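Below is one structure, written out as structure tokens, with a few remarks after it.
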2 protein chains.
Amino acid sequence: MTEPLFRRMTVVGVGLIGGSLGLAAKQAGAVGEVVGVGRQLASLAVALDRGLVDRVTCDLATGVRDAELVVLALPVAALVAALPEVAIHANPECVITDVGSVKEPILAAGDQAFPDGRFVAGHPIAGKELSGPAAAHADLFRGASWILTPSARTQPQAQDRMARLCEAVGARVVPLEARWHDEVFATVSHLPHLVAYALLDAVLATERGDERVRFSAGGLRDYTRVAGSDPVMWRDIFVMNREPLLKVLATYQEQIAQLAAAIQAADGEAILARLRQARLAREELLHRT
Amino acid sequence: MTEPLFRRMTVVGVGLIGGSLGLAAKQAGAVGEVVGVGRQLASLAVALDRGLVDRVTCDLATGVRDAELVVLALPVAALVAALPEVAIHANPECVITDVGSVKEPILAAGDQAFPDGRFVAGHPIAGKELSGPAAAHADLFRGASWILTPSARTQPQAQDRMARLCEAVGARVVPLEARWHDEVFATVSHLPHLVAYALLDAVLATERGDERVRFSAGGLRDYTRVAGSDPVMWRDIFVMNREPLLKVLATYQEQIAQLAAAIQAADGEAILARLRQARLAREELLHRT
């Protein structure tokens, strides 16, 4: 590449996503320089040491100065809280993006902080079972979808530059309406996490729960990856996306209640119909993605 | 081994568990000859071809004749239904065992069919994501727990011979009270499966559910192994173990309702406490087993 897409990219939050993006964008020649901003010195040291970023700072104002792109790679509540300060210190031409798992509230806050439409809301669909800069790698986004959810206000040229960065690190850009994004991810990501957390809580809440756990083979064990994710990150997501999440959760509770009623009645046919239906969803999942 | 534990072992149901036991027991020299009984000729042919069994028959009466051990490796409802016929045709000294995931009702039926205590109820904790004789292998039970749930009626010498077979194929014998077994497995296996099936059903039940499924990365995808198990097998388990299952399901529904209320109220502290609690259960799970 003769000219990088962004001469300086500042990544706020040098965890798995932020750190991987720094490394991947540098390797692709898509950015000239990467600045990492964080609060934990240990994480910044790892990011610097692994070459995920070129320079680090704990000060947001210093970090975003002279950046052409600021990537907010923080838990969603911290991300929204950081927007006004970024707006104060970033250059007037700087493009701002995020990687949050909830989009409508973040897009609204971003549009408010950047009324000229320089905020491009995004969500890379990349694995999250590990976290932190030690887990970052240059191929994290290769073959992954990177959802962008523009508003009527979003500048097309800002979105276009961001889309080219996503493609440069190997991702496939998927434009989506923010509200629909939040409904979809409430269904395929947030609800499954909530269900796993509740299941593990329920197991511990039974009599002699810790003894029961010793006998887990498959079944419960399959839930451990999901329930191993960062509680603070998920608290934020559950609260911020609560309206779509509670809606799909109600559908789930109804399915559970119907299945419980069929089991109570020992209604084999009704149970079998539901289990077969679930297998269909599974086939859909394994073959369409 | 100079003398096999059982000169002839008949395996009724030559699927993953039955087929693997045939192969493993033969390789260990724990049985002289293995007879496979099944209804599907294709499965019997695979079992014979792969050397999981030495002879096959579709006729239960023929199959159990002259056996020293009969292993019922069928879905739990079919297993209970087969007991009286096995009692009619098996030799008076023959030991009978099963591998079902529910123990109290099977133990009761087994004791009724074999009032002299020759029935030894068992449950090997071995992977079940694959099924059928093609997936069988000799190492399936190596390092696994094999639970035995004797009643007051069970003959100690029958149980002892069965335990030695379990050990011969590499399993660790775990004696457990049948009722407690059923409560434990309702918690760590049956409920997690029910939850996964209900989740996939709920996803399909949402508006444009199949479109949503396309965006699954982690989260929903982690549930597909569990929900890929055989629906008939699980229908039987849910119905047969319904009392302990519905009890732990009620605990789970309560956990879900409390988490939903905390999300509705945007009560970050309460949500975080629950997510952290779930992580504890997860640590328990990963470190104690």
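Labeling convention for the structure tokens: chains A, B, ... as they appear, residues from 1 per chain, ligands from 1 in order of appearance.
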Run DSSP on the backbone and give me the residues of stretch 111-183 of chain A it puts in alpha helix (DSSP H), as a PyMOL selection string.
-> chain A and resi 111-113+156-168+178-183
How about saving the chosen residues, N, CA and C atoms kept, as a compact mmCIF listing (two decimals), in the first residue's frame?
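Contents of the output file selection23.txt:
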```
# COMPACT_ATOMS: atom_id res chain seq x y z
N ASP A 111 -23.61 9.96 17.74
CA ASP A 111 -24.14 11.04 16.89
C ASP A 111 -24.27 12.34 17.69
N GLN A 112 -24.58 12.18 18.98
CA GLN A 112 -24.69 13.37 19.83
C GLN A 112 -23.32 14.00 20.08
N ALA A 113 -22.33 13.15 20.31
CA ALA A 113 -20.97 13.66 20.57
C ALA A 113 -20.32 14.21 19.31
N PRO A 156 -20.93 9.40 4.71
CA PRO A 156 -20.59 8.25 3.85
C PRO A 156 -19.08 8.06 3.70
N GLN A 157 -18.33 9.16 3.59
CA GLN A 157 -16.88 9.00 3.38
C GLN A 157 -16.19 8.44 4.63
N ALA A 158 -16.70 8.81 5.83
CA ALA A 158 -16.14 8.24 7.07
C ALA A 158 -16.44 6.74 7.12
N GLN A 159 -17.66 6.38 6.78
CA GLN A 159 -18.05 4.96 6.78
C GLN A 159 -17.22 4.18 5.76
N ASP A 160 -17.00 4.80 4.61
CA ASP A 160 -16.24 4.14 3.56
C ASP A 160 -14.80 3.87 3.99
N ARG A 161 -14.18 4.86 4.63
CA ARG A 161 -12.80 4.66 5.09
C ARG A 161 -12.74 3.54 6.14
N MET A 162 -13.72 3.55 7.02
CA MET A 162 -13.78 2.53 8.06
C MET A 162 -13.98 1.14 7.43
N ALA A 163 -14.86 1.07 6.43
CA ALA A 163 -15.12 -0.20 5.75
C ALA A 163 -13.84 -0.72 5.09
N ARG A 164 -13.04 0.18 4.53
CA ARG A 164 -11.80 -0.25 3.89
C ARG A 164 -10.80 -0.79 4.91
N LEU A 165 -10.81 -0.20 6.10
CA LEU A 165 -9.96 -0.72 7.17
C LEU A 165 -10.39 -2.15 7.57
N CYS A 166 -11.70 -2.33 7.70
CA CYS A 166 -12.23 -3.67 8.05
C CYS A 166 -11.77 -4.70 7.01
N GLU A 167 -11.89 -4.31 5.75
CA GLU A 167 -11.51 -5.22 4.67
C GLU A 167 -10.00 -5.47 4.67
N ALA A 168 -9.25 -4.44 5.01
CA ALA A 168 -7.78 -4.58 5.02
C ALA A 168 -7.33 -5.62 6.06
N ALA A 178 -29.23 -0.36 13.04
CA ALA A 178 -28.79 -0.52 14.44
C ALA A 178 -29.82 -1.27 15.29
N ARG A 179 -31.09 -0.93 15.12
CA ARG A 179 -32.13 -1.57 15.92
C ARG A 179 -32.20 -3.08 15.64
N TRP A 180 -32.13 -3.43 14.36
CA TRP A 180 -32.17 -4.84 13.96
C TRP A 180 -30.92 -5.57 14.47
N HIS A 181 -29.78 -4.91 14.41
CA HIS A 181 -28.57 -5.49 15.01
C HIS A 181 -28.81 -5.88 16.46
N ASP A 182 -29.41 -4.96 17.22
CA ASP A 182 -29.59 -5.20 18.65
C ASP A 182 -30.58 -6.33 18.91
N GLU A 183 -31.59 -6.44 18.06
CA GLU A 183 -32.54 -7.55 18.20
C GLU A 183 -31.87 -8.88 17.86
```
Distance query A:Val70 at most 9 Å, only C-alpha atoms, self and fewer than 6 positions along chain excluded, as a list in words =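 That gives Arg8, Met9, Thr10, Val11, Val12, Val64, Val86, Ala90, Cys94, Val95, Ile96, Thr97 and Asp98 of chain A.
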Write out the residues from the selection above, keeping N, CA and C atoms, as a PDB file, in the first residue's frame.
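Contents of result-v2.pdb, freshly written:
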```pdb
ATOM      1  N   ARG A   8      -2.543   7.935  11.644  1.00  0.00           N
ATOM      2  CA  ARG A   8      -2.441   7.531  13.049  1.00  0.00           C
ATOM      3  C   ARG A   8      -3.778   6.992  13.546  1.00  0.00           C
ATOM      4  N   MET A   9      -3.744   5.778  14.076  1.00  0.00           N
ATOM      5  CA  MET A   9      -4.943   5.174  14.660  1.00  0.00           C
ATOM      6  C   MET A   9      -4.734   5.054  16.161  1.00  0.00           C
ATOM      7  N   THR A  10      -5.674   5.562  16.932  1.00  0.00           N
ATOM      8  CA  THR A  10      -5.592   5.419  18.387  1.00  0.00           C
ATOM      9  C   THR A  10      -6.627   4.401  18.842  1.00  0.00           C
ATOM     10  N   VAL A  11      -6.152   3.399  19.553  1.00  0.00           N
ATOM     11  CA  VAL A  11      -7.034   2.352  20.063  1.00  0.00           C
ATOM     12  C   VAL A  11      -7.214   2.582  21.560  1.00  0.00           C
ATOM     13  N   VAL A  12      -8.436   2.875  21.964  1.00  0.00           N
ATOM     14  CA  VAL A  12      -8.717   3.087  23.386  1.00  0.00           C
ATOM     15  C   VAL A  12      -9.210   1.755  23.952  1.00  0.00           C
ATOM     16  N   VAL A  64      -5.593  10.598  21.939  1.00  0.00           N
ATOM     17  CA  VAL A  64      -6.414  10.821  20.735  1.00  0.00           C
ATOM     18  C   VAL A  64      -5.921  12.013  19.905  1.00  0.00           C
ATOM     19  N   VAL A  86     -13.519  12.263  24.139  1.00  0.00           N
ATOM     20  CA  VAL A  86     -12.882  12.084  22.830  1.00  0.00           C
ATOM     21  C   VAL A  86     -13.263  13.257  21.922  1.00  0.00           C
ATOM     22  N   ALA A  90     -10.160  15.161  20.217  1.00  0.00           N
ATOM     23  CA  ALA A  90      -9.795  14.663  18.885  1.00  0.00           C
ATOM     24  C   ALA A  90      -9.790  15.808  17.868  1.00  0.00           C
ATOM     25  N   CYS A  94     -11.022  13.869  12.560  1.00  0.00           N
ATOM     26  CA  CYS A  94     -10.817  12.493  13.016  1.00  0.00           C
ATOM     27  C   CYS A  94     -12.109  11.659  12.926  1.00  0.00           C
ATOM     28  N   VAL A  95     -11.980  10.460  12.380  1.00  0.00           N
ATOM     29  CA  VAL A  95     -13.093   9.503  12.350  1.00  0.00           C
ATOM     30  C   VAL A  95     -13.097   8.727  13.675  1.00  0.00           C
ATOM     31  N   ILE A  96     -14.284   8.511  14.222  1.00  0.00           N
ATOM     32  CA  ILE A  96     -14.413   7.787  15.491  1.00  0.00           C
ATOM     33  C   ILE A  96     -15.233   6.528  15.234  1.00  0.00           C
ATOM     34  N   THR A  97     -14.788   5.404  15.792  1.00  0.00           N
ATOM     35  CA  THR A  97     -15.580   4.178  15.660  1.00  0.00           C
ATOM     36  C   THR A  97     -15.563   3.425  16.985  1.00  0.00           C
ATOM     37  N   ASP A  98     -16.380   2.392  17.075  1.00  0.00           N
ATOM     38  CA  ASP A  98     -16.416   1.572  18.289  1.00  0.00           C
ATOM     39  C   ASP A  98     -16.570   0.117  17.891  1.00  0.00           C
TER      40      ASP A  98
END
```
Counting only C-alpha atoms, which residues of chain A fall within 7 Å of chain B, and what is the closest atom pair for each with its distance in Å at one decimal, ordered by chain and rising number, as a Markdown table?
```
| residue | atom | partner | partner_atom | distance |
| --- | --- | --- | --- | --- |
| A:Ile125 | CA | B:Ala217 | CA | 6.7 |
| A:Gly127 | CA | B:Gly218 | CA | 6.5 |
| A:Val184 | CA | B:Arg212 | CA | 5.1 |
| A:Thr187 | CA | B:Val203 | CA | 6.3 |
| A:Val188 | CA | B:Leu220 | CA | 5.2 |
| A:Ser189 | CA | B:Gly219 | CA | 4.7 |
| A:Pro192 | CA | B:Gly219 | CA | 5.4 |
| A:His193 | CA | B:Gly219 | CA | 6.1 |
| A:Tyr197 | CA | B:Ala278 | CA | 5.3 |
| A:Ala198 | CA | B:Gln255 | CA | 5.7 |
| A:Leu199 | CA | B:Tyr252 | CA | 6.2 |
| A:Leu200 | CA | B:Ala278 | CA | 5.1 |
| A:Asp201 | CA | B:Ala278 | CA | 5.0 |
| A:Ala202 | CA | B:Tyr252 | CA | 4.9 |
| A:Val203 | CA | B:Thr187 | CA | 6.3 |
| A:Leu204 | CA | B:Ala281 | CA | 6.4 |
| A:Arg212 | CA | B:Val184 | CA | 5.1 |
| A:Val213 | CA | B:Leu285 | CA | 5.9 |
| A:Arg214 | CA | B:Thr289 | CA | 5.6 |
| A:Ser216 | CA | B:Val188 | CA | 5.4 |
| A:Ala217 | CA | B:Ile125 | CA | 6.7 |
| A:Gly218 | CA | B:Gly127 | CA | 6.5 |
| A:Gly219 | CA | B:Ser189 | CA | 4.7 |
| A:Leu220 | CA | B:Val188 | CA | 5.2 |
| A:Asp222 | CA | B:Asp222 | CA | 6.8 |
| A:Thr224 | CA | B:Arg282 | CA | 5.8 |
| A:Val226 | CA | B:Gly219 | CA | 6.2 |
| A:Ala227 | CA | B:Arg279 | CA | 6.4 |
| A:Gly228 | CA | B:Arg279 | CA | 6.2 |
| A:Pro231 | CA | B:Leu275 | CA | 5.5 |
| A:Val232 | CA | B:Leu272 | CA | 6.7 |
| A:Arg235 | CA | B:Leu272 | CA | 5.9 |
| A:Phe238 | CA | B:Ile263 | CA | 6.5 |
| A:Val239 | CA | B:Ala266 | CA | 5.5 |
| A:Arg242 | CA | B:Ile263 | CA | 6.4 |
| A:Leu246 | CA | B:Ala260 | CA | 6.9 |
| A:Thr251 | CA | B:Ala202 | CA | 5.9 |
| A:Tyr252 | CA | B:Ala202 | CA | 4.9 |
| A:Gln255 | CA | B:Ala198 | CA | 5.7 |
| A:Ile256 | CA | B:Ala198 | CA | 5.8 |
| A:Ala260 | CA | B:Leu246 | CA | 6.9 |
| A:Ile263 | CA | B:Val239 | CA | 5.7 |
| A:Gln264 | CA | B:Arg242 | CA | 6.7 |
| A:Ala266 | CA | B:Val239 | CA | 5.5 |
| A:Gly268 | CA | B:Arg235 | CA | 6.4 |
| A:Ile271 | CA | B:Arg235 | CA | 6.1 |
| A:Leu272 | CA | B:Arg235 | CA | 6.0 |
| A:Leu275 | CA | B:Pro231 | CA | 5.5 |
| A:Arg276 | CA | B:Pro231 | CA | 6.3 |
| A:Gln277 | CA | B:Asp201 | CA | 6.4 |
| A:Ala278 | CA | B:Asp201 | CA | 5.0 |
| A:Arg279 | CA | B:Gly228 | CA | 6.2 |
| A:Ala281 | CA | B:Leu200 | CA | 5.9 |
| A:Arg282 | CA | B:Thr224 | CA | 5.8 |
| A:Leu285 | CA | B:Val213 | CA | 5.9 |
| A:Arg288 | CA | B:Arg214 | CA | 6.2 |
| A:Thr289 | CA | B:Arg214 | CA | 5.5 |
```
Test item, strand (DSSP E or B) assignment across stretch 60-243 of chain A, answer as a list in words | Leu69, Val70, Val71, Leu72, Val95, Ile96, Thr97, Asp98, Phe119, Val120, Gly122, His123, Pro124, Ser145, Trp146, Ile147, Leu148, Arg172, Val173, Val174 and Pro175 of chain A
Non-local contacts of A:Ala135 (9 Å; only C-alpha atoms; under 5 positions in same chain excluded) as an MDAnalysis selection string = chainID A and resid 15:16 19:20 130
Atom pair atom CA of B:Ala87 / atom CA of B:Arg55: separation (Å) |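 Straight-line distance from atom CA of B:Ala87 to atom CA of B:Arg55 works out to 21.1 Å.
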Mind giving me the straight-line distance from atom CA of A:Leu48 to atom CA of A:Val35 in Å, one decimal?
-> 9.5 Å
Would you mind telling me which residue in A:Val46, A:Leu23, A:Leu148, A:Leu72 lies nearest to A:Pro175 when using only C-alpha atoms?
-> A:Leu148
